[in-house]
Structure formats: C-alpha cells, structure tokens
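Novice: What follows is model.txt, made up of compact mmCIF, C-alpha atoms:
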# COMPACT_ATOMS: atom_id res chain seq x y z
CA MET A 18 -58.04 23.28 22.35
CA GLU A 19 -59.45 19.77 22.39
CA LEU A 20 -57.44 16.66 23.17
CA THR A 21 -57.38 14.57 20.00
CA ARG A 22 -56.57 10.94 19.37
CA ARG A 23 -53.55 12.15 17.42
CA ASP A 24 -52.29 14.07 20.47
CA ILE A 25 -52.55 10.93 22.59
CA GLU A 26 -50.99 8.59 20.05
CA ARG A 27 -48.01 10.91 19.50
CA VAL A 28 -47.19 11.02 23.21
CA VAL A 29 -47.78 7.31 23.70
CA ALA A 30 -45.54 6.38 20.76
CA ALA A 31 -42.68 8.51 22.07
CA ALA A 32 -43.05 7.21 25.62
CA LEU A 33 -43.13 3.57 24.54
CA ALA A 34 -40.12 4.04 22.27
CA GLU A 35 -38.22 5.48 25.23
CA ASP A 36 -39.21 2.73 27.67
CA VAL A 37 -39.49 -0.39 25.53
CA GLY A 38 -36.80 0.23 22.93
CA ASP A 39 -36.04 -3.00 21.10
CA GLY A 40 -38.25 -5.02 23.45
CA ASP A 41 -39.24 -5.84 27.02
CA ILE A 42 -36.70 -8.55 27.71
CA THR A 43 -38.13 -9.55 31.09
CA THR A 44 -41.73 -9.91 29.96
CA GLU A 45 -40.80 -11.64 26.72
CA ALA A 46 -38.75 -14.21 28.67
CA LEU A 47 -41.35 -14.91 31.35
CA VAL A 48 -44.78 -14.41 29.78
CA PRO A 49 -46.05 -16.76 27.02
CA LEU A 50 -47.08 -15.02 23.83
CA ASP A 51 -50.66 -16.31 24.12
CA ALA A 52 -51.12 -15.49 27.83
CA HIS A 53 -54.04 -13.25 28.78
CA CYS A 54 -54.73 -11.43 32.01
CA ARG A 55 -57.06 -9.05 33.81
CA ALA A 56 -55.87 -6.08 35.78
CA GLN A 57 -57.17 -3.05 37.63
CA LEU A 58 -56.01 0.55 37.41
CA LEU A 59 -56.18 2.15 40.84
CA LEU A 60 -56.01 5.67 42.24
CA GLU A 61 -54.34 5.22 45.62
CA GLU A 62 -54.98 8.68 47.08
CA PRO A 63 -57.83 11.21 46.91
CA GLY A 64 -57.87 13.32 43.78
CA VAL A 65 -59.34 13.91 40.35
CA VAL A 66 -59.45 11.10 37.80
CA CYS A 67 -57.77 12.12 34.57
CA GLY A 68 -56.04 10.17 31.83
CA VAL A 69 -57.77 6.79 31.66
CA PRO A 70 -58.11 7.11 27.84
CA VAL A 71 -54.38 7.87 27.69
CA ALA A 72 -53.54 4.78 29.72
CA ALA A 73 -55.84 2.74 27.51
CA ALA A 74 -54.03 4.02 24.42
CA VAL A 75 -50.75 2.70 25.81
CA PHE A 76 -52.00 -0.87 26.08
CA GLN A 77 -53.79 -0.72 22.74
CA ALA A 78 -50.68 0.60 21.00
CA LEU A 79 -48.88 -2.54 22.15
CA ASP A 80 -51.75 -4.85 21.21
CA PRO A 81 -55.08 -3.80 19.66
CA LEU A 82 -56.76 -6.69 21.49
CA ALA A 83 -56.25 -4.98 24.84
CA ARG A 84 -59.52 -3.71 26.29
CA VAL A 85 -59.90 -1.02 28.95
CA GLU A 86 -63.22 -0.36 30.69
CA PRO A 87 -63.34 2.97 32.54
CA LEU A 88 -65.15 2.79 35.88
CA SER A 89 -64.84 6.49 36.72
CA ALA A 90 -65.59 9.49 34.52
CA GLU A 91 -62.80 11.84 33.54
CA GLY A 92 -62.88 14.73 36.00
CA ALA A 93 -64.55 12.69 38.75
CA VAL A 94 -63.41 13.47 42.28
CA VAL A 95 -62.31 10.43 44.27
CA THR A 96 -62.36 10.71 48.05
CA THR A 97 -62.31 7.06 49.16
CA THR A 98 -59.19 5.16 48.16
CA PRO A 99 -57.87 2.94 46.82
CA ALA A 100 -60.38 3.37 44.01
CA ILE A 101 -60.58 1.13 40.97
CA VAL A 102 -60.90 3.56 38.05
CA ALA A 103 -60.58 1.09 35.17
CA GLU A 104 -60.38 -2.60 34.39
CA ILE A 105 -57.98 -3.93 31.76
CA GLU A 106 -58.22 -7.22 29.93
CA GLY A 107 -56.10 -8.58 27.12
CA PRO A 108 -52.73 -10.02 26.13
CA ALA A 109 -50.58 -10.21 29.25
CA ARG A 110 -47.44 -9.04 27.47
CA ALA A 111 -49.12 -5.80 26.42
CA VAL A 112 -50.40 -5.18 29.95
CA LEU A 113 -47.03 -5.76 31.64
CA THR A 114 -44.95 -3.96 29.03
CA GLY A 115 -47.22 -0.93 29.01
CA GLU A 116 -47.72 -0.76 32.76
CA ARG A 117 -45.09 1.85 33.67
CA VAL A 118 -45.77 4.19 30.75
CA ALA A 119 -49.52 4.04 31.41
CA LEU A 120 -49.03 4.71 35.12
CA ASN A 121 -46.56 7.55 34.55
CA LEU A 122 -48.97 9.37 32.27
CA PHE A 123 -52.05 8.64 34.36
CA ALA A 124 -50.38 9.74 37.61
CA ARG A 125 -49.12 12.96 36.03
CA LEU A 126 -52.50 13.92 34.59
CA CYS A 127 -54.35 13.09 37.81
CA GLY A 128 -51.88 15.30 39.68
CA ILE A 129 -52.44 18.28 37.40
CA ALA A 130 -56.22 17.87 37.47
CA SER A 131 -56.21 17.57 41.26
CA LEU A 132 -54.08 20.67 41.82
CA THR A 133 -56.25 22.61 39.39
CA ARG A 134 -59.36 21.55 41.28
CA ARG A 135 -57.89 22.99 44.49
CA PHE A 136 -57.31 26.36 42.82
CA VAL A 137 -60.79 26.34 41.27
CA GLU A 138 -62.44 25.55 44.59
CA LEU A 139 -60.58 28.41 46.28
CA VAL A 140 -62.00 31.01 43.85
CA ASP A 141 -65.53 29.62 43.90
CA GLY A 142 -68.17 32.34 43.88
CA THR A 143 -65.89 35.12 42.63
CA GLY A 144 -66.55 34.71 38.91
CA THR A 145 -62.82 34.39 38.24
CA THR A 146 -61.58 31.69 35.85
CA ILE A 147 -58.37 29.75 36.53
CA LEU A 148 -56.17 29.48 33.42
CA ASP A 149 -53.18 27.36 32.52
CA THR A 150 -50.05 28.72 30.81
CA ARG A 151 -47.40 27.57 28.33
CA LYS A 152 -45.22 26.36 31.22
CA THR A 153 -45.82 22.76 30.30
CA THR A 154 -43.62 19.69 29.95
CA PRO A 155 -42.20 19.71 26.38
CA GLY A 156 -44.17 17.27 24.27
CA LEU A 157 -46.99 16.90 26.82
CA ARG A 158 -48.76 20.25 26.43
CA ALA A 159 -51.99 18.94 24.90
CA LEU A 160 -52.33 16.28 27.60
CA GLU A 161 -51.43 18.61 30.45
CA LYS A 162 -53.85 21.31 29.31
CA TYR A 163 -56.52 18.62 29.03
CA ALA A 164 -55.82 17.73 32.66
CA VAL A 165 -56.30 21.36 33.67
CA ARG A 166 -59.72 21.32 32.04
CA CYS A 167 -60.58 18.06 33.79
CA GLY A 168 -59.80 19.85 37.05
CA GLY A 169 -62.21 22.67 36.25
CA GLY A 170 -59.75 25.20 34.85
CA ALA A 171 -59.58 26.63 31.35
CA SER A 172 -56.91 26.75 28.68
CA HIS A 173 -55.47 30.11 27.67
CA ARG A 174 -53.66 29.57 24.37
CA ALA A 175 -52.37 26.36 22.88
CA GLY A 176 -49.14 27.97 21.72
CA LEU A 177 -47.64 30.99 20.06
CA TYR A 178 -49.70 30.40 16.95
CA ASP A 179 -53.27 30.88 18.16
CA ALA A 180 -53.36 34.08 20.23
CA VAL A 181 -51.50 37.38 20.54
CA LEU A 182 -49.85 38.09 23.89
CA VAL A 183 -47.41 40.99 23.93
CA LYS A 184 -44.97 40.42 26.76
CA GLU A 185 -42.25 42.51 28.39
CA ASN A 186 -39.47 41.61 25.96
CA HIS A 187 -41.75 42.24 22.97
CA LEU A 188 -42.44 45.71 24.35
CA ARG A 189 -38.76 46.47 24.79
CA ILE A 190 -38.03 45.68 21.17
CA ALA A 191 -41.23 47.21 19.76
CA GLY A 192 -40.78 50.47 21.64
CA GLY A 193 -43.66 50.23 24.11
CA ILE A 194 -47.33 49.37 24.27
CA GLY A 195 -48.57 52.00 21.82
CA PRO A 196 -46.21 51.14 18.97
CA ALA A 197 -46.62 47.40 19.58
CA VAL A 198 -50.42 47.52 19.43
CA ALA A 199 -50.30 49.78 16.37
CA ALA A 200 -48.04 47.27 14.61
CA LEU A 201 -50.55 44.52 15.41
CA ASN A 202 -53.37 46.33 13.65
CA GLY A 203 -55.61 43.70 12.13
CA HIS A 204 -54.95 41.07 14.79
CA GLY A 205 -58.04 40.57 16.90
CA GLY A 206 -58.04 40.03 20.65
CA VAL A 207 -54.65 41.53 21.45
CA GLU A 208 -53.48 40.96 25.03
CA VAL A 209 -50.70 43.07 26.51
CA GLU A 210 -48.64 42.50 29.63
CA ALA A 211 -48.57 45.40 32.12
CA GLU A 212 -46.29 45.63 35.15
CA THR A 213 -47.50 49.04 36.38
CA LEU A 214 -50.73 50.99 36.54
CA ALA A 215 -49.21 53.46 34.08
CA GLN A 216 -48.88 50.62 31.58
CA VAL A 217 -52.47 49.60 32.30
CA ARG A 218 -53.57 53.13 31.34
CA GLU A 219 -51.44 52.97 28.20
CA ALA A 220 -52.93 49.61 27.23
CA LEU A 221 -56.45 50.95 27.77
CA ASP A 222 -55.69 53.95 25.58
CA ALA A 223 -54.30 51.61 22.90
CA GLY A 224 -57.60 49.69 22.80
CA VAL A 225 -56.38 46.20 23.65
CA GLY A 226 -58.81 43.39 24.42
CA ARG A 227 -57.14 42.00 27.52
CA ILE A 228 -54.43 43.14 29.92
CA LEU A 229 -52.19 40.74 31.79
CA LEU A 230 -51.35 42.18 35.21
CA ASP A 231 -47.88 40.80 35.74
CA ASN A 232 -46.61 40.29 39.29
CA MET A 233 -48.93 42.91 40.75
CA PRO A 234 -50.11 42.38 44.36
CA PRO A 235 -53.87 41.92 44.87
CA GLU A 236 -54.32 45.52 46.00
CA GLN A 237 -52.77 46.84 42.79
CA CYS A 238 -54.89 44.43 40.74
CA ALA A 239 -57.97 45.93 42.42
CA GLU A 240 -56.78 49.38 41.34
CA ALA A 241 -56.35 48.12 37.80
CA VAL A 242 -59.89 46.73 37.88
CA ALA A 243 -61.18 50.14 38.92
CA LEU A 244 -59.18 51.83 36.16
CA ALA A 245 -60.42 49.43 33.49
CA GLY A 246 -64.06 49.80 34.48
CA ARG A 247 -64.90 46.52 32.75
CA ARG A 248 -63.84 47.94 29.37
CA VAL A 249 -61.35 45.08 28.91
CA GLU A 250 -60.68 41.69 30.41
CA LEU A 251 -58.02 41.55 33.12
CA GLU A 252 -55.78 38.59 33.89
CA ALA A 253 -53.60 38.34 37.00
CA SER A 254 -50.41 36.33 36.72
CA GLY A 255 -47.07 35.78 38.40
CA GLY A 256 -46.32 33.50 41.33
CA ILE A 257 -49.93 33.11 42.43
CA SER A 258 -50.30 30.25 44.91
CA LEU A 259 -53.00 28.37 46.78
CA ALA A 260 -52.40 30.75 49.68
CA THR A 261 -52.94 33.91 47.62
CA VAL A 262 -55.32 32.95 44.81
CA ARG A 263 -58.48 33.91 46.70
CA SER A 264 -57.25 37.43 47.38
CA TYR A 265 -56.43 37.86 43.70
CA ALA A 266 -59.87 36.61 42.69
CA GLU A 267 -61.53 39.00 45.13
CA SER A 268 -59.69 41.90 43.46
CA GLY A 269 -62.18 41.55 40.61
CA VAL A 270 -59.95 40.21 37.83
CA ASP A 271 -61.57 38.04 35.19
CA PHE A 272 -58.79 35.46 34.96
CA ILE A 273 -55.91 34.15 37.02
CA SER A 274 -53.20 32.24 35.14
CA VAL A 275 -51.17 29.78 37.19
CA GLY A 276 -48.02 28.20 35.77
CA ALA A 277 -47.79 25.92 38.79
CA LEU A 278 -50.76 23.91 37.53
CA THR A 279 -48.47 22.21 35.06
CA HIS A 280 -44.90 22.92 36.14
CA SER A 281 -45.28 22.08 39.84
CA ALA A 282 -48.11 19.56 40.14
CA ARG A 283 -47.18 16.38 42.01
CA SER A 284 -48.03 13.10 40.34
CA LEU A 285 -50.60 11.16 42.33
CA HIS A 286 -50.01 7.68 43.71
CA VAL A 287 -51.51 5.16 41.29
CA SER A 288 -51.02 1.46 40.65
CA LEU A 289 -51.90 -1.41 38.36
CA GLU A 290 -52.72 -4.79 39.90
CA VAL A 291 -52.93 -8.00 37.88
CA LEU A 292 -55.75 -10.19 39.20
As structure tokens - that is how I would like this structure written.
Specialist:
Amino acid sequence: MELTRRDIERVVAAALAEDVGDGDITTEALVPLDAHCRAQLLLEEPGVVCGVPVAAAVFQALDPLARVEPLSAEGAVVTTTPAIVAEIEGPARAVLTGERVALNLFARLCGIASLTRRFVELVDGTGTTILDTRKTTPGLRALEKYAVRCGGGASHRAGLYDAVLVKENHLRIAGGIGPAVAALNGHGGVEVEAETLAQVREALDAGVGRILLDNMPPEQCAEAVALAGRRVELEASGGISLATVRSYAESGVDFISVGALTHSARSLHVSLEVL
C-alpha cells in the first residue's frame, strides 16, 4: 500500500475545508495579497521525521507558488532538537493560513513513526515484523500507515477489500474455522483468528496461510509456534505494549500487530517559524 498524491490531496482538501472554511479572516485582514515570506518547519523533540511532503501539499494547495525544501529525509531519526526539517518560501497568506493544518498532520505522522520505531527497535534481532492494523483515524488511514512504514514497521492490509482475515464474529456466524475456510475456497492467503491452541490446530488442519494468535500470552504463542512447525505464518495480536513486545517476539512468531501504533501515538511537538 503506497502513499499516493491522491491520498495526500484528499486529506489536505478535507482538513483545509474544515479549518479555513470561507476564508482566513485574520490573515486576509493583516497580510497584503502580494506579501512573501520564508519560514522553517521544526521538530522540537527527538523522533522520526515523517510527513514533510504532506505539509508541503497543504501550502501548495493554498497557492501553487509555495515552495518547500525538505532538509531531512522521511524516516530520518532526529536526536538533537530543535531540528529544521524543511524550509518554506512563498506567498505569506498561504504560509500563515496553512500553518495549523500542516503542523497538525506533520506532528501526528511524526508521532506514529516515532512510536513505531520504538517497537521495531525492541524486537531487533528476532526476525519478527511489526505490523499496523485497521485501528486508524477515519480518513487518515493511508497517511497513518505510511507513517508506520517510515518508522520501520510494515502494513498488514489496507482495508477489508485486499486481504482475507476471518475473525471471531465471522467464525460464530460461519460455524467455526473449518466451515469458514471451506466457504473461502478459491481465496488465496486466508488468515484466521485463533484464541486457543485447539483453534490453532483446527486452523492448521484447514490449511490456512496465516493464523492470528489473539490475546494469547507469550508462553502460549510459543506453544503455537511449536505446533505450527513453520508450516504457516503466525501473527500475535491483542494489547501488546512496549513492555511486552520483546517477549512476544522471542516466542518465535513471524509478526506482531499493534493497534497502538495508530490509535495511541502521541503527536510530537513541532512548530513553524516565519523568518
């Protein structure tokens, strides 16, 4: 799932419509139409840079003459702050009107990328991949999953349309793992959620491609790994935190999905300073 220009423009258009409405009455009253300015986009605390192209799209949506020069690569780790991550030059009205929307998006994406990086660093050397989930902010999924990738994680599925994941409520209606998988005959790469080792055995017998180990403790995940014998991919999920992620990775699972990457990441402190 790549972040496209269309993804960015859709989010930026909605955010500007919400914030600007019929016009920025303060800026239009105080700033001459032909005024130009230079400004700097700063990351004010250590973290991962993510979202400079999104911030740039905000200013350029307001005025195509706005120019943004990135000074840090997407995914770069900043340890010394404040750090100037981009320079902006162009019509002053566009810069001032777009400031808050650009900062909101940039701060949010930096926060997600930075939290993801912490999870990724904690599982280093285990061979386990950190995945995002669908627990994203409505309307921002493409951007938030991009931020996860900037932080070193990977995207699971973009939505309901691009991968099969049979969850608990599906199983209740379908009549269990066996009937559900049989009904999905012809769909490649079926993943099934399992809450018990008995369900893991059932999923293995059904021939699924991946099993999601839902809310199992690390010790039980290790048992599931032994049962599977590398015949299928295993994904641990359910309330996994920075404090527990290493123990889950050491259980031998292939993937760990973490909803907190997108639903609980704190926006980083960023600013825009006109020179």
Novice: Excluding same-chain residues fewer than 6 positions from A:Gln57, what lies within 8 Å of it counting all atoms listed in the file, as a PyMOL selection string?
Specialist: chain A and resi 101-105+289-292
Novice: Mind listing as a list of chain:residue names all residues within 12 Å of (-54.4, 54.6, 29.0), counting only C-alpha atoms?
Specialist: A:Ile194, A:Gly195, A:Ala211, A:Thr213, A:Leu214, A:Ala215, A:Gln216, A:Val217, A:Arg218, A:Glu219, A:Ala220, A:Leu221, A:Asp222, A:Ala223, A:Gly224, A:Val225, A:Ile228, A:Ala241, A:Leu244, A:Ala245, A:Arg248, A:Val249
Novice: Using only C-alpha atoms, find the one residue out of A:Gln77, A:Ser274, A:Ser258, A:Ser89 that sits nearest to A:Glu26.
Specialist: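 The answer is A:Gln77, which sits nearest to A:Glu26.
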Novice: Please indicate the distance in Å from atom CA of A:Ser281 to atom CA of A:Lys184, rounded to one decimal place.
Specialist: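 One can read the atom CA of A:Ser281 to atom CA of A:Lys184 distance as 22.5 Å.
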Novice: Any idea what the distance is between atom CA of A:Tyr163 and atom CA of A:Ala56?
Specialist: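 About the pair atom CA of A:Tyr163 and atom CA of A:Ala56: they are 25.6 Å apart.
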Novice: With distances taken over all atoms listed in the file, which residue among A:Ala32, A:Val242, A:Leu285, A:Val198 lies nearest A:Gly269?
Specialist: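 Closest to A:Gly269, using all atoms listed in the file: A:Val242.
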Novice: As a JSON list (two decimals), in the frame of the given file, could you write out stretch 31-55 of chain A once it has been completed with N, CA and C atoms?
Specialist:
[["chain", "number", "residue", "atom", "x", "y", "z"],
["A", 31, "ALA", "N", -43.98, 8.04, 21.59],
["A", 31, "ALA", "CA", -42.68, 8.51, 22.07],
["A", 31, "ALA", "C", -42.33, 7.88, 23.41],
["A", 32, "ALA", "N", -43.31, 7.77, 24.29],
["A", 32, "ALA", "CA", -43.05, 7.21, 25.62],
["A", 32, "ALA", "C", -42.72, 5.72, 25.54],
["A", 33, "LEU", "N", -43.42, 5.00, 24.69],
["A", 33, "LEU", "CA", -43.13, 3.57, 24.54],
["A", 33, "LEU", "C", -41.77, 3.35, 23.88],
["A", 34, "ALA", "N", -41.43, 4.18, 22.91],
["A", 34, "ALA", "CA", -40.12, 4.04, 22.27],
["A", 34, "ALA", "C", -39.01, 4.26, 23.30],
["A", 35, "GLU", "N", -39.21, 5.20, 24.19],
["A", 35, "GLU", "CA", -38.22, 5.48, 25.23],
["A", 35, "GLU", "C", -38.10, 4.34, 26.22],
["A", 36, "ASP", "N", -39.23, 3.73, 26.61],
["A", 36, "ASP", "CA", -39.21, 2.73, 27.67],
["A", 36, "ASP", "C", -38.98, 1.31, 27.16],
["A", 37, "VAL", "N", -39.55, 0.99, 26.02],
["A", 37, "VAL", "CA", -39.49, -0.39, 25.53],
["A", 37, "VAL", "C", -38.29, -0.62, 24.61],
["A", 38, "GLY", "N", -37.95, 0.39, 23.83],
["A", 38, "GLY", "CA", -36.80, 0.23, 22.93],
["A", 38, "GLY", "C", -36.98, -0.95, 22.00],
["A", 39, "ASP", "N", -35.99, -1.83, 21.99],
["A", 39, "ASP", "CA", -36.04, -3.00, 21.10],
["A", 39, "ASP", "C", -36.90, -4.12, 21.65],
["A", 40, "GLY", "N", -37.39, -3.99, 22.89],
["A", 40, "GLY", "CA", -38.25, -5.02, 23.45],
["A", 40, "GLY", "C", -38.14, -5.13, 24.95],
["A", 41, "ASP", "N", -39.18, -5.63, 25.57],
["A", 41, "ASP", "CA", -39.24, -5.84, 27.02],
["A", 41, "ASP", "C", -38.66, -7.22, 27.32],
["A", 42, "ILE", "N", -37.38, -7.26, 27.61],
["A", 42, "ILE", "CA", -36.70, -8.55, 27.71],
["A", 42, "ILE", "C", -37.22, -9.40, 28.87],
["A", 43, "THR", "N", -37.63, -8.78, 29.96],
["A", 43, "THR", "CA", -38.13, -9.55, 31.09],
["A", 43, "THR", "C", -39.47, -10.19, 30.77],
["A", 44, "THR", "N", -40.39, -9.39, 30.27],
["A", 44, "THR", "CA", -41.73, -9.91, 29.96],
["A", 44, "THR", "C", -41.67, -10.95, 28.86],
["A", 45, "GLU", "N", -40.87, -10.69, 27.84],
["A", 45, "GLU", "CA", -40.80, -11.64, 26.72],
["A", 45, "GLU", "C", -40.21, -12.98, 27.16],
["A", 46, "ALA", "N", -39.35, -12.96, 28.19],
["A", 46, "ALA", "CA", -38.75, -14.21, 28.67],
["A", 46, "ALA", "C", -39.68, -14.98, 29.59],
["A", 47, "LEU", "N", -40.55, -14.26, 30.31],
["A", 47, "LEU", "CA", -41.35, -14.91, 31.35],
["A", 47, "LEU", "C", -42.81, -15.14, 30.98],
["A", 48, "VAL", "N", -43.34, -14.36, 30.07],
["A", 48, "VAL", "CA", -44.78, -14.41, 29.78],
["A", 48, "VAL", "C", -45.01, -15.02, 28.40],
["A", 49, "PRO", "N", -45.77, -16.14, 28.33],
["A", 49, "PRO", "CA", -46.05, -16.76, 27.02],
["A", 49, "PRO", "C", -46.78, -15.78, 26.10],
["A", 50, "LEU", "N", -46.51, -15.92, 24.82],
["A", 50, "LEU", "CA", -47.08, -15.02, 23.83],
["A", 50, "LEU", "C", -48.60, -15.04, 23.85],
["A", 51, "ASP", "N", -49.20, -16.20, 24.17],
["A", 51, "ASP", "CA", -50.66, -16.31, 24.12],
["A", 51, "ASP", "C", -51.32, -16.10, 25.48],
["A", 52, "ALA", "N", -50.55, -15.69, 26.50],
["A", 52, "ALA", "CA", -51.12, -15.49, 27.83],
["A", 52, "ALA", "C", -52.01, -14.25, 27.87],
["A", 53, "HIS", "N", -53.13, -14.38, 28.57],
["A", 53, "HIS", "CA", -54.04, -13.25, 28.78],
["A", 53, "HIS", "C", -54.16, -12.97, 30.27],
["A", 54, "CYS", "N", -54.56, -11.75, 30.60],
["A", 54, "CYS", "CA", -54.73, -11.43, 32.01],
["A", 54, "CYS", "C", -55.77, -10.33, 32.19],
["A", 55, "ARG", "N", -56.20, -10.16, 33.42],
["A", 55, "ARG", "CA", -57.06, -9.05, 33.81],
["A", 55, "ARG", "C", -56.32, -8.24, 34.85]]
